[in-house]
file work_24.tsv (TSV, C-alpha atoms)
chain	number	residue	atom	x	y	z
B	1	MET	CA	-40.81	6.62	1.95
B	2	MET	CA	-37.62	6.23	3.95
B	3	THR	CA	-36.64	3.11	1.98
B	4	THR	CA	-37.22	4.81	-1.34
B	5	THR	CA	-35.00	7.69	-0.32
B	6	ARG	CA	-32.27	5.36	0.83
B	7	THR	CA	-32.31	3.44	-2.44
B	8	GLU	CA	-32.33	6.69	-4.35
B	9	ILE	CA	-29.31	7.99	-2.44
B	10	ALA	CA	-27.42	4.74	-2.95
B	11	GLU	CA	-28.18	4.92	-6.68
B	12	ILE	CA	-27.03	8.52	-7.02
B	13	ALA	CA	-23.83	7.85	-5.07
B	14	GLY	CA	-23.22	4.58	-6.88
B	15	ALA	CA	-23.58	6.26	-10.29
B	16	VAL	CA	-20.60	8.55	-9.64
B	17	PRO	CA	-17.85	7.67	-12.12
B	18	ASP	CA	-14.51	6.57	-10.67
B	19	PRO	CA	-12.17	9.58	-10.93
B	20	GLU	CA	-9.33	7.51	-12.41
B	21	LEU	CA	-11.20	4.81	-14.33
B	22	ARG	CA	-13.96	6.97	-15.78
B	23	VAL	CA	-15.66	4.07	-17.59
B	24	VAL	CA	-16.85	2.44	-14.36
B	25	THR	CA	-18.93	3.83	-11.55
B	26	ILE	CA	-17.90	3.60	-7.91
B	27	GLY	CA	-21.01	1.47	-7.42
B	28	GLU	CA	-19.75	-1.04	-9.99
B	29	LEU	CA	-16.32	-1.06	-8.33
B	30	GLY	CA	-17.87	-1.98	-4.99
B	31	ILE	CA	-16.61	1.18	-3.32
B	32	VAL	CA	-20.06	2.30	-2.09
B	33	ARG	CA	-21.00	0.24	0.95
B	34	GLY	CA	-24.29	1.82	1.90
B	35	ALA	CA	-26.46	4.89	2.23
B	36	GLU	CA	-28.87	6.04	4.90
B	37	THR	CA	-30.71	9.08	6.10
B	38	ALA	CA	-30.34	10.26	9.67
B	39	GLU	CA	-33.36	11.50	11.62
B	40	ASP	CA	-32.25	15.12	11.21
B	41	GLY	CA	-32.40	14.74	7.43
B	42	ARG	CA	-28.66	14.34	7.04
B	43	VAL	CA	-27.51	11.81	4.45
B	44	VAL	CA	-24.73	9.37	5.27
B	45	VAL	CA	-22.96	7.48	2.50
B	46	THR	CA	-20.44	4.80	3.46
B	47	ILE	CA	-17.52	3.98	1.16
B	48	THR	CA	-14.46	1.73	1.34
B	49	PRO	CA	-11.05	2.32	-0.28
B	50	THR	CA	-9.73	-0.12	-2.88
B	51	TYR	CA	-6.16	0.46	-1.68
B	52	SER	CA	-5.49	2.20	1.63
B	53	GLY	CA	-3.40	4.91	-0.01
B	54	CYS	CA	-5.66	5.34	-3.03
B	55	PRO	CA	-5.27	9.02	-3.92
B	56	ALA	CA	-8.70	9.07	-5.57
B	57	MET	CA	-10.58	8.78	-2.26
B	58	ASP	CA	-10.76	12.52	-1.64
B	59	ALA	CA	-12.01	13.12	-5.17
B	60	ILE	CA	-14.58	10.35	-4.72
B	61	ARG	CA	-15.85	11.94	-1.49
B	62	ASP	CA	-16.19	15.31	-3.23
B	63	ASP	CA	-17.92	13.77	-6.25
B	64	ILE	CA	-20.46	11.97	-4.04
B	65	ARG	CA	-21.27	15.20	-2.20
B	66	ALA	CA	-21.61	17.09	-5.49
B	67	ALA	CA	-23.83	14.41	-7.05
B	68	LEU	CA	-26.14	14.34	-4.03
B	69	ALA	CA	-26.19	18.13	-3.76
B	70	GLY	CA	-27.33	18.18	-7.38
B	71	ALA	CA	-30.21	15.88	-6.39
B	72	GLY	CA	-31.24	18.16	-3.54
B	73	PHE	CA	-29.43	16.54	-0.62
B	74	ALA	CA	-27.49	19.40	0.91
B	75	ASP	CA	-26.19	17.86	4.12
B	76	VAL	CA	-24.12	14.83	3.14
B	77	GLU	CA	-21.58	12.98	5.23
B	78	VAL	CA	-19.28	10.47	3.54
B	79	ARG	CA	-17.91	7.88	5.94
B	80	THR	CA	-15.06	5.52	5.23
B	81	VAL	CA	-15.10	1.95	6.51
B	82	LEU	CA	-12.30	-0.58	6.16
B	83	SER	CA	-14.00	-3.77	7.17
B	84	PRO	CA	-14.56	-6.06	5.36
B	85	ALA	CA	-11.52	-5.10	3.28
B	86	TRP	CA	-12.24	-4.34	-0.37
B	87	SER	CA	-11.61	-7.19	-2.76
B	88	THR	CA	-11.76	-7.53	-6.53
B	89	ASP	CA	-14.69	-9.91	-5.97
B	90	MET	CA	-16.73	-6.80	-5.11
B	91	ILE	CA	-16.56	-5.49	-8.70
B	92	THR	CA	-19.90	-6.15	-10.39
B	93	GLU	CA	-20.42	-7.98	-13.68
B	94	SER	CA	-21.27	-4.74	-15.48
B	95	GLY	CA	-18.13	-3.22	-13.93
B	96	TRP	CA	-15.92	-5.97	-15.36
B	97	ALA	CA	-17.62	-5.59	-18.76
B	98	ALA	CA	-17.00	-1.82	-18.77
B	99	LEU	CA	-13.35	-2.34	-17.79
B	100	GLU	CA	-12.84	-4.93	-20.50
B	101	ARG	CA	-14.41	-2.68	-23.14
B	102	THR	CA	-11.84	-0.03	-22.31
B	103	GLY	CA	-8.94	-2.48	-22.50
B	104	ILE	CA	-8.46	-3.25	-18.80
B	105	ALA	CA	-8.44	-6.97	-18.10
B	106	ALA	CA	-9.74	-8.94	-15.13
B	107	PRO	CA	-7.05	-10.65	-13.03
B	108	GLY	CA	-8.06	-14.09	-14.34
B	109	ALA	CA	-8.86	-17.14	-12.23
B	110	SER	CA	-5.27	-18.43	-12.29
B	111	GLY	CA	-3.78	-14.98	-11.72
B	112	THR	CA	-3.00	-14.52	-15.42
B	113	PRO	CA	-5.25	-12.08	-17.29
B	114	ALA	CA	-6.38	-12.54	-20.89
B	115	CYS	CA	-5.41	-9.90	-23.46
B	116	PRO	CA	-8.54	-7.73	-23.84
B	117	ARG	CA	-7.84	-7.23	-27.57
B	118	CYS	CA	-7.37	-10.90	-28.35
B	119	ALA	CA	-9.90	-12.26	-25.83
B	120	HIS	CA	-12.51	-12.86	-28.48
B	121	ALA	CA	-10.13	-13.74	-31.32
B	122	HIS	CA	-8.34	-17.05	-31.89
B	123	GLY	CA	-11.56	-18.99	-31.24
B	124	GLY	CA	-11.65	-17.73	-27.69
B	125	GLN	CA	-8.32	-19.42	-26.93
B	126	PRO	CA	-6.27	-17.22	-24.54
B	127	THR	CA	-3.11	-15.80	-26.07
B	128	PRO	CA	0.15	-15.96	-24.09
B	129	VAL	CA	0.77	-12.85	-22.00
B	130	LEU	CA	3.78	-11.54	-20.09
B	131	GLN	CA	3.75	-9.46	-16.94
B	132	ILE	CA	5.72	-6.26	-17.49
B	133	SER	CA	5.20	-4.76	-14.06
B	134	ARG	CA	3.31	-5.72	-10.93
B	135	TYR	CA	2.36	-2.06	-10.56
B	136	ALA	CA	0.76	0.25	-13.10
B	137	SER	CA	-0.95	3.61	-13.53
B	138	THR	CA	-3.21	3.14	-10.49
B	139	PRO	CA	-2.53	1.12	-7.33
B	140	CYS	CA	-5.16	-1.45	-8.30
B	141	GLN	CA	-3.64	-2.37	-11.68
B	142	SER	CA	-0.65	-4.26	-13.07
B	143	LEU	CA	0.94	-3.95	-16.52
B	144	TRP	CA	1.01	-6.80	-19.04
B	145	SER	CA	1.93	-7.38	-22.65
B	146	CYS	CA	0.24	-9.72	-25.11
B	147	ARG	CA	2.69	-12.01	-26.96
B	148	SER	CA	0.27	-12.30	-29.86
B	149	CYS	CA	-0.73	-8.71	-30.70
B	150	LEU	CA	2.30	-7.29	-28.84
B	151	GLU	CA	0.17	-4.55	-27.27
B	152	PRO	CA	0.58	-3.65	-23.61
B	153	PHE	CA	-2.51	-3.67	-21.41
B	154	ASN	CA	-3.45	-3.06	-17.81
B	155	ALA	CA	-5.12	-5.67	-15.63
B	156	ILE	CA	-6.86	-5.25	-12.30
B	157	LYS	CA	-4.75	-6.91	-9.60
B	158	LYS	CA	-6.42	-9.63	-7.58
B	159	LEU	CA	-6.94	-8.33	-4.07
H	1	MET	CA	1.89	-2.27	27.61
H	2	SER	CA	-1.49	-1.83	25.98
H	3	GLU	CA	-3.66	-4.75	24.92
H	4	LEU	CA	-2.85	-3.98	21.30
H	5	ALA	CA	0.86	-3.88	21.92
H	6	GLU	CA	0.62	-7.24	23.68
H	7	HIS	CA	-1.11	-8.62	20.65
H	8	THR	CA	1.09	-7.23	17.88
H	9	GLY	CA	4.37	-6.84	19.76
H	10	VAL	CA	4.51	-3.11	19.10
H	11	GLU	CA	2.15	-0.19	19.59
H	12	LEU	CA	-0.10	1.04	16.79
H	13	LEU	CA	1.89	4.26	16.79
H	14	ALA	CA	5.11	2.37	16.16
H	15	LEU	CA	3.53	0.47	13.26
H	16	GLY	CA	2.19	3.72	11.84
H	17	ASP	CA	5.58	5.41	12.18
H	18	ASP	CA	7.32	2.50	10.42
H	19	ALA	CA	4.92	2.92	7.49
H	20	LEU	CA	5.11	6.73	7.40
H	21	ILE	CA	8.91	6.91	7.46
H	22	ALA	CA	9.14	4.06	4.94
H	23	ALA	CA	6.78	5.95	2.61
H	24	GLN	CA	8.92	9.08	2.80
H	25	ARG	CA	12.09	7.07	2.13
H	26	LEU	CA	10.59	5.24	-0.86
H	27	ALA	CA	9.41	8.52	-2.36
H	28	GLU	CA	13.08	9.42	-2.89
H	29	TRP	CA	13.06	6.92	-5.77
H	30	VAL	CA	10.34	8.72	-7.70
H	31	SER	CA	11.73	9.73	-11.13
H	32	ARG	CA	15.04	7.97	-10.38
H	33	ALA	CA	14.27	4.24	-10.52
H	34	PRO	CA	16.17	2.04	-13.00
H	35	THR	CA	13.12	1.58	-15.24
H	36	LEU	CA	9.83	3.40	-15.69
H	37	GLU	CA	7.91	0.35	-14.43
H	38	GLU	CA	10.03	0.21	-11.30
H	39	ASP	CA	9.50	3.91	-10.74
H	40	VAL	CA	5.75	3.31	-10.78
H	41	ALA	CA	6.11	0.25	-8.56
H	42	LEU	CA	8.13	2.05	-5.89
H	43	ALA	CA	5.76	5.02	-5.95
H	44	ASN	CA	2.81	2.66	-5.52
H	45	ILE	CA	4.46	0.86	-2.63
H	46	ALA	CA	5.20	4.24	-1.04
H	47	LEU	CA	1.55	5.16	-1.50
H	48	ASP	CA	0.39	1.95	0.19
H	49	GLN	CA	2.77	2.66	3.08
H	50	LEU	CA	1.38	6.18	3.37
H	51	GLY	CA	-2.18	4.84	3.30
H	52	ALA	CA	-1.45	2.36	6.09
H	53	ALA	CA	0.35	5.10	8.05
H	54	ARG	CA	-2.62	7.44	7.78
H	55	MET	CA	-5.06	4.80	9.04
H	56	LEU	CA	-2.79	3.81	11.92
H	57	LEU	CA	-1.90	7.36	12.96
H	58	ALA	CA	-5.53	8.48	12.74
H	59	THR	CA	-6.36	5.68	15.18
H	60	ALA	CA	-3.51	6.69	17.51
H	61	GLY	CA	-4.36	10.40	17.43
H	62	ASP	CA	-4.45	13.36	15.01
H	63	GLU	CA	-2.62	12.19	11.88
H	64	ASP	CA	-1.33	15.62	10.81
H	65	GLU	CA	-0.23	16.51	14.31
H	66	LEU	CA	1.58	13.18	14.62
H	67	ALA	CA	3.22	13.33	11.20
H	68	TYR	CA	4.18	16.99	11.05
H	69	ARG	CA	4.57	18.25	14.59
H	70	ARG	CA	6.66	15.66	16.38
H	71	ASP	CA	10.43	15.91	16.71
H	72	ASP	CA	12.62	12.88	16.11
H	73	HIS	CA	12.46	11.81	19.77
H	74	GLY	CA	8.69	11.47	19.45
H	75	PHE	CA	8.85	8.94	16.63
H	76	ARG	CA	8.59	5.23	17.45
H	77	ASN	CA	9.64	3.71	14.14
H	78	CYS	CA	12.37	1.10	14.10
H	79	LEU	CA	15.79	2.24	12.92
H	80	LEU	CA	15.59	0.18	9.72
H	81	ALA	CA	12.72	2.31	8.39
H	82	GLU	CA	14.72	5.55	8.60
H	83	LEU	CA	18.02	4.32	7.14
H	84	PRO	CA	19.10	5.79	3.81
H	85	LEU	CA	18.27	3.47	0.90
H	86	GLY	CA	21.93	3.02	0.10
H	87	PRO	CA	25.22	2.49	1.93
H	88	ALA	CA	25.46	6.19	2.85
H	89	ARG	CA	23.21	9.23	3.14
H	90	GLY	CA	22.42	10.59	-0.29
H	91	ASP	CA	23.16	7.28	-2.01
H	92	LEU	CA	20.27	5.49	-3.65
H	93	ASP	CA	21.17	1.85	-4.24
H	94	PHE	CA	18.58	-0.44	-5.79
H	95	GLY	CA	19.82	-3.71	-4.28
H	96	TRP	CA	20.01	-2.01	-0.90
H	97	THR	CA	16.43	-0.81	-1.33
H	98	MET	CA	15.09	-4.24	-2.25
H	99	THR	CA	16.87	-5.83	0.74
H	100	TRP	CA	15.38	-3.13	2.96
H	101	LEU	CA	11.92	-3.74	1.47
H	102	LEU	CA	12.22	-7.50	1.90
H	103	MET	CA	13.10	-7.13	5.58
H	104	LEU	CA	10.50	-4.46	6.26
H	105	SER	CA	7.56	-5.90	4.34
H	106	ALA	CA	8.05	-9.40	5.82
H	107	ALA	CA	7.84	-7.86	9.31
H	108	GLN	CA	4.88	-5.64	8.37
H	109	LEU	CA	3.02	-8.62	6.91
H	110	LEU	CA	3.38	-10.49	10.23
H	111	ARG	CA	2.44	-7.49	12.40
H	112	TYR	CA	-0.61	-6.68	10.23
H	113	THR	CA	-1.65	-10.35	10.24
H	114	ASP	CA	-1.59	-10.27	14.06
H	115	LEU	CA	-3.44	-6.95	14.07
H	116	ALA	CA	-6.15	-8.39	11.80
H	117	ALA	CA	-6.70	-11.27	14.24
H	118	GLY	CA	-7.01	-8.94	17.25
H	119	ALA	CA	-10.08	-8.00	19.25
H	120	ASP	CA	-10.06	-4.27	18.42
H	121	GLU	CA	-12.43	-3.91	15.49
H	122	GLN	CA	-10.90	-0.73	14.03
H	123	ALA	CA	-7.33	-2.03	14.30
H	124	ALA	CA	-8.37	-5.41	12.88
H	125	GLY	CA	-9.89	-3.65	9.87
H	126	ILE	CA	-6.64	-1.78	9.22
H	127	GLY	CA	-4.65	-4.98	9.62
H	128	ALA	CA	-6.84	-6.93	7.21
H	129	LYS	CA	-6.53	-4.19	4.59
H	130	ALA	CA	-2.77	-3.77	5.02
H	131	VAL	CA	-2.05	-7.51	4.92
H	132	LYS	CA	-3.17	-7.66	1.30
H	133	GLU	CA	-0.89	-4.79	0.29
H	134	SER	CA	2.10	-6.04	2.29
H	135	THR	CA	1.81	-9.36	0.49
H	136	TYR	CA	2.40	-7.53	-2.79
H	137	HIS	CA	5.35	-5.57	-1.36
H	138	LEU	CA	6.98	-8.73	-0.04
H	139	ASP	CA	6.46	-10.45	-3.37
H	140	HIS	CA	7.98	-7.52	-5.25
H	141	ALA	CA	11.07	-7.47	-3.04
H	142	THR	CA	11.39	-11.26	-3.24
H	143	GLN	CA	11.32	-11.28	-7.05
H	144	TRP	CA	14.05	-8.65	-7.20
H	145	MET	CA	16.21	-10.39	-4.57
H	146	LEU	CA	16.14	-13.54	-6.71
H	147	ARG	CA	17.07	-11.60	-9.84
H	148	LEU	CA	19.81	-9.55	-8.22
H	149	GLY	CA	21.24	-12.44	-6.19
H	150	GLY	CA	21.21	-14.74	-9.21
H	151	GLY	CA	22.09	-12.00	-11.71
H	152	THR	CA	25.52	-10.72	-12.64
H	153	GLU	CA	28.62	-10.85	-10.51
H	154	GLN	CA	28.15	-7.16	-9.75
H	155	SER	CA	24.46	-7.37	-8.84
H	156	HIS	CA	25.20	-10.36	-6.60
H	157	ARG	CA	28.07	-8.63	-4.84
H	158	ARG	CA	26.15	-5.43	-4.26
H	159	VAL	CA	23.01	-7.10	-2.92
H	160	GLU	CA	25.17	-9.30	-0.68
H	161	GLU	CA	26.73	-6.12	0.73
H	162	ALA	CA	23.26	-4.71	1.31
H	163	VAL	CA	22.16	-7.82	3.22
H	164	ASP	CA	25.31	-7.61	5.37
H	165	GLY	CA	24.80	-3.91	6.00
H	166	LEU	CA	21.12	-4.05	6.87
H	167	TRP	CA	20.92	-7.37	8.69
H	168	PRO	CA	21.76	-5.99	12.18
H	169	TYR	CA	18.74	-3.67	12.00
H	170	GLY	CA	16.46	-6.68	11.56
H	171	HIS	CA	16.69	-7.46	15.28
H	172	GLU	CA	14.81	-4.38	16.46
H	173	LEU	CA	12.42	-4.73	13.50
H	174	THR	CA	11.42	-8.28	14.43
H	175	GLU	CA	11.21	-8.14	18.20
H	176	GLY	CA	8.70	-10.79	19.24
H	177	ILE	CA	8.27	-12.16	15.70
H	178	ARG	CA	11.87	-13.15	14.95
H	179	ASP	CA	11.32	-16.84	14.24
H	180	ARG	CA	8.31	-16.26	11.97
H	181	TRP	CA	10.21	-13.51	10.16
H	182	LEU	CA	13.27	-15.71	9.63
H	183	ALA	CA	10.96	-18.37	8.20
H	184	ILE	CA	10.03	-15.88	5.45
H	185	VAL	CA	13.36	-14.16	4.83
H	186	GLU	CA	15.87	-17.02	5.09
H	187	PRO	CA	14.40	-19.09	2.23
H	188	VAL	CA	14.47	-16.01	-0.04
H	189	LEU	CA	18.14	-15.38	0.73
H	190	ALA	CA	18.92	-19.07	0.18
H	191	GLU	CA	17.10	-19.18	-3.16
H	192	ALA	CA	18.86	-15.99	-4.25
H	193	GLY	CA	22.21	-17.62	-3.43
H	194	LEU	CA	22.91	-15.05	-0.72
H	195	THR	CA	24.56	-15.74	2.62
H	196	ARG	CA	22.42	-15.20	5.69
H	197	PRO	CA	24.68	-13.07	7.92
H	198	ALA	CA	25.54	-14.13	11.44
H	199	ASP	CA	23.67	-12.35	14.26
H	200	ARG	CA	26.17	-9.98	15.86
H	201	TRP	CA	25.53	-6.25	16.29
H	202	ARG	CA	21.93	-5.42	17.29
H	203	PRO	CA	21.36	-1.67	17.03
H	204	ASP	CA	18.06	-0.51	18.55
H	205	GLY	CA	16.44	2.44	20.31
H	206	GLY	CA	14.02	3.55	17.62
H	207	ARG	CA	10.99	2.21	19.48
H	208	ALA	CA	12.05	4.31	22.48
H	209	GLY	CA	12.63	7.46	20.41
H	210	ARG	CA	16.42	7.18	20.15
H	211	HIS	CA	17.12	7.52	16.46
H	212	THR	CA	19.98	7.83	14.01
H	213	GLU	CA	20.78	11.24	12.55
H	214	HIS	CA	19.17	10.05	9.32
H	215	LEU	CA	15.69	10.51	10.77
H	216	SER	CA	16.37	14.18	11.52
H	217	TYR	CA	17.25	14.89	7.89
H	218	LEU	CA	14.21	12.96	6.70
H	219	LEU	CA	11.88	14.86	9.05
H	220	ALA	CA	13.40	18.20	8.09
H	221	GLU	CA	12.34	17.55	4.51
H	222	MET	CA	8.98	15.97	5.34
H	223	GLN	CA	7.90	18.58	7.88
H	224	SER	CA	9.38	21.81	6.48
H	225	LEU	CA	6.27	22.92	4.59
H	226	HIS	CA	3.93	22.29	7.48
H	227	ARG	CA	6.25	24.01	9.94
H	228	ALA	CA	6.58	27.06	7.68
H	229	HIS	CA	2.83	27.19	7.02
H	230	PRO	CA	1.06	25.51	9.98
H	231	GLY	CA	-2.23	23.94	8.94
H	232	ALA	CA	-1.44	24.32	5.24
H	233	GLN	CA	-3.87	22.49	2.98
H	234	TRP	CA	-4.22	22.03	-0.75
call {"tool": "encode", "arguments": {"input": "work_24.tsv", "output": "structure tokens"}}
result
Amino acid sequence: MMTTTRTEIAEIAGAVPDPELRVVTIGELGIVRGAETAEDGRVVVTITPTYSGCPAMDAIRDDIRAALAGAGFADVEVRTVLSPAWSTDMITESGWAALERTGIAAPGASGTPACPRCAHAHGGQPTPVLQISRYASTPCQSLWSCRSCLEPFNAIKKL
Amino acid sequence: MSELAEHTGVELLALGDDALIAAQRLAEWVSRAPTLEEDVALANIALDQLGAARMLLATAGDEDELAYRRDDHGFRNCLLAELPLGPARGDLDFGWTMTWLLMLSAAQLLRYTDLAAGADEQAAGIGAKAVKESTYHLDHATQWMLRLGGGTEQSHRRVEEAVDGLWPYGHELTEGIRDRWLAIVEPVLAEAGLTRPADRWRPDGGRAGRHTEHLSYLLAEMQSLHRAHPGAQW
């Protein structure tokens, strides 16, 4: 019974969409670390920030509380842990797929991302890309440009 | 000296103050940077600094109380962090800012690395998180130093002036980690074709709460809202 509830809570919290990258859930991003129920019936969800100054953290905390309140869990505490530090390796496969579908590239094994528009063209051969800026619209992304289709795109920074 | 201070060279509060004051300084560039990308970059770096400051100050005490209710004598940041990001107050100079960021982020990277290796679990977690971000800041400053130092005659001259102007403040910044810091910064200056200044004047006092007048102006702006409306939230 207890285990079922814990899994359920983790699923509800994990299904909350990221406030800035709406196509992925915070579960897919690896932000949700765990969920448990205290003896007094209180629910505790543990999360970790992607970047320490990530301005979305407050919104994420509110969204988790709202999602769990909607599922009947009234007393929810959201705790933040730092250790182990978040890394891009914590993003799940479905998370990467959702990011790529929306035009946000993975950092790439060598540190150079592949253009999400041209990734499946040119026989799968990567097109040359150029870094425009090491920083982009959110702390966790950098800005690139594809030399083939000339379109700019964001990539998740390796962390 | 606390166990933490013995381990990192400075107190957690001092590290947090460095990051907080640096964040406030960097925010002056928002909407004024030379390119849109650089505007975003500097804002992001400021945000990282603020994030690290919040974690460190929350460990040292009440973060709002520490940020908004202390007078300049209560702050433990090094003097470098509070200096204007140009040769004079009110001036914003890009080469000056990149030199400042190079010096600061190299020191922060070393302090956070030491913090991450420490015995205190909470502090080690903050250090491990901040190391990753500092690495990006240092890289950003390094890339710009190479471009400015190896750029036009004007960019070279102006960044050289910045290095000369800021270098003395590196002594207080790097107390206890000087050799490791020089091992990061000197090769960047050399590759950028810039002269590493001689060690002469060594202004300090920030760690003991003796600051330049620049900090007072910075705090006046940073704290005015909270002082006018104590406990304000939005």
call {"tool": "closest_atom_pairs", "arguments": {"input": "work_24.tsv", "of": "chain B", "to": "chain H", "cutoff": "12 Å", "atoms": "only C-alpha atoms", "output": "Markdown table"}}
result
| residue | atom | partner | partner_atom | distance |
| --- | --- | --- | --- | --- |
| B:Thr48 | CA | H:Lys129 | CA | 10.4 |
| B:Pro49 | CA | H:Lys129 | CA | 9.3 |
| B:Thr50 | CA | H:Lys129 | CA | 9.1 |
| B:Tyr51 | CA | H:Asp48 | CA | 7.0 |
| B:Ser52 | CA | H:Gly51 | CA | 4.6 |
| B:Gly53 | CA | H:Gly51 | CA | 3.5 |
| B:Cys54 | CA | H:Gly51 | CA | 7.2 |
| B:Pro55 | CA | H:Leu47 | CA | 8.2 |
| B:Ala56 | CA | H:Leu47 | CA | 11.7 |
| B:Met57 | CA | H:Gly51 | CA | 10.8 |
| B:Asp58 | CA | H:Trp234 | CA | 11.6 |
| B:Thr80 | CA | H:Met55 | CA | 10.7 |
| B:Val81 | CA | H:Gly125 | CA | 8.4 |
| B:Leu82 | CA | H:Gly125 | CA | 5.4 |
| B:Ser83 | CA | H:Gly125 | CA | 4.9 |
| B:Pro84 | CA | H:Gly125 | CA | 6.9 |
| B:Ala85 | CA | H:Lys129 | CA | 5.2 |
| B:Trp86 | CA | H:Lys129 | CA | 7.6 |
| B:Ser87 | CA | H:Lys132 | CA | 9.4 |
| B:Thr88 | CA | H:Lys132 | CA | 11.6 |
| B:Gln131 | CA | H:Glu37 | CA | 10.9 |
| B:Ile132 | CA | H:Glu37 | CA | 7.6 |
| B:Ser133 | CA | H:Glu37 | CA | 5.8 |
| B:Arg134 | CA | H:Ala41 | CA | 7.0 |
| B:Tyr135 | CA | H:Ala41 | CA | 4.8 |
| B:Ala136 | CA | H:Val40 | CA | 6.3 |
| B:Ser137 | CA | H:Val40 | CA | 7.2 |
| B:Thr138 | CA | H:Asn44 | CA | 7.8 |
| B:Pro139 | CA | H:Asn44 | CA | 5.8 |
| B:Cys140 | CA | H:Asn44 | CA | 9.4 |
| B:Gln141 | CA | H:Asn44 | CA | 10.2 |
| B:Ser142 | CA | H:Ala41 | CA | 9.3 |
| B:Leu143 | CA | H:Glu37 | CA | 8.5 |
| B:Trp144 | CA | H:Glu37 | CA | 11.0 |
| B:Lys157 | CA | H:Tyr136 | CA | 9.9 |
| B:Lys158 | CA | H:Lys132 | CA | 9.7 |
| B:Leu159 | CA | H:Lys132 | CA | 6.6 |
call {"tool": "atom_distance", "arguments": {"input": "work_24.tsv", "atom1": "CA of Gln108 (chain H)", "atom2": "CA of Leu182 (chain H)"}}
result
13.2 Å
call {"tool": "closest_residue", "arguments": {"input": "work_24.tsv", "among": "B:Ser148, B:Thr25, B:Asn154, B:Thr127", "to": "Thr102 (chain B)", "atoms": "all atoms listed in the file"}}
result
B:Asn154
call {"tool": "atom_distance", "arguments": {"input": "work_24.tsv", "atom1": "CA of Leu102 (chain H)", "atom2": "CA of Thr142 (chain H)"}}
result
6.4 Å
call {"tool": "closest_residue", "arguments": {"input": "work_24.tsv", "among": "H:Tyr68, H:Ala88, H:Leu110, H:Thr35", "to": "Ala183 (chain H)", "atoms": "all atoms listed in the file"}}
result
H:Leu110
call {"tool": "residues_around", "arguments": {"input": "work_24.tsv", "residues": "Pro203 (chain H)", "least_positions_apart": "2", "cutoff": "12 Å", "atoms": "all atoms listed in the file", "output": "VMD selection string"}}
result
chain H and resid 78 to 80 165 to 173 199 to 201 205 to 207 210 to 212
call {"tool": "write_last_selection", "arguments": {"input": "work_24.tsv", "atoms": "C-alpha atoms", "output": "mmCIF file, in the frame of the given file"}}
result
data_model
loop_
_atom_site.group_PDB
_atom_site.id
_atom_site.type_symbol
_atom_site.label_atom_id
_atom_site.label_comp_id
_atom_site.auth_asym_id
_atom_site.auth_seq_id
_atom_site.Cartn_x
_atom_site.Cartn_y
_atom_site.Cartn_z
ATOM 1 C CA CYS H 78 12.370 1.100 14.100
ATOM 2 C CA LEU H 79 15.790 2.240 12.920
ATOM 3 C CA LEU H 80 15.590 0.180 9.720
ATOM 4 C CA GLY H 165 24.800 -3.910 6.000
ATOM 5 C CA LEU H 166 21.120 -4.050 6.870
ATOM 6 C CA TRP H 167 20.920 -7.370 8.690
ATOM 7 C CA PRO H 168 21.760 -5.990 12.180
ATOM 8 C CA TYR H 169 18.740 -3.670 12.000
ATOM 9 C CA GLY H 170 16.460 -6.680 11.560
ATOM 10 C CA HIS H 171 16.690 -7.460 15.280
ATOM 11 C CA GLU H 172 14.810 -4.380 16.460
ATOM 12 C CA LEU H 173 12.420 -4.730 13.500
ATOM 13 C CA ASP H 199 23.670 -12.350 14.260
ATOM 14 C CA ARG H 200 26.170 -9.980 15.860
ATOM 15 C CA TRP H 201 25.530 -6.250 16.290
ATOM 16 C CA GLY H 205 16.440 2.440 20.310
ATOM 17 C CA GLY H 206 14.020 3.550 17.620
ATOM 18 C CA ARG H 207 10.990 2.210 19.480
ATOM 19 C CA ARG H 210 16.420 7.180 20.150
ATOM 20 C CA HIS H 211 17.120 7.520 16.460
ATOM 21 C CA THR H 212 19.980 7.830 14.010
#
call {"tool": "residues_around", "arguments": {"input": "work_24.tsv", "residues": "Ile91 (chain B)", "least_positions_apart": "3", "cutoff": "6 Å", "atoms": "only C-alpha atoms", "output": "PyMOL selection string"}}
result
chain B and resi 28-30+88+95
call {"tool": "decode", "arguments": {"input": "work_24.tsv", "residues": "region 195-215 of chain H", "atoms": "C-alpha atoms", "output": "CSV table (one decimal), in the first residue's frame"}}
result
chain,number,residue,atom,x,y,z
H,195,THR,CA,51.5,41.4,-20.0
H,196,ARG,CA,51.2,39.9,-16.6
H,197,PRO,CA,51.6,43.0,-14.3
H,198,ALA,CA,54.2,43.0,-11.5
H,199,ASP,CA,52.9,42.5,-8.0
H,200,ARG,CA,53.1,45.8,-6.2
H,201,TRP,CA,50.1,47.4,-4.5
H,202,ARG,CA,47.9,44.9,-2.6
H,203,PRO,CA,44.7,46.5,-1.5
H,204,ASP,CA,42.6,44.4,1.0
H,205,GLY,CA,40.2,44.7,3.9
H,206,GLY,CA,37.1,43.4,2.2
H,207,ARG,CA,37.2,40.1,4.1
H,208,ALA,CA,37.3,42.1,7.4
H,209,GLY,CA,34.4,44.4,6.4
H,210,ARG,CA,36.5,47.4,5.3
H,211,HIS,CA,35.2,48.2,1.8
H,212,THR,CA,35.6,50.8,-0.9
H,213,GLU,CA,32.8,53.4,-1.4
H,214,HIS,CA,31.7,51.4,-4.4
H,215,LEU,CA,30.0,48.8,-2.2
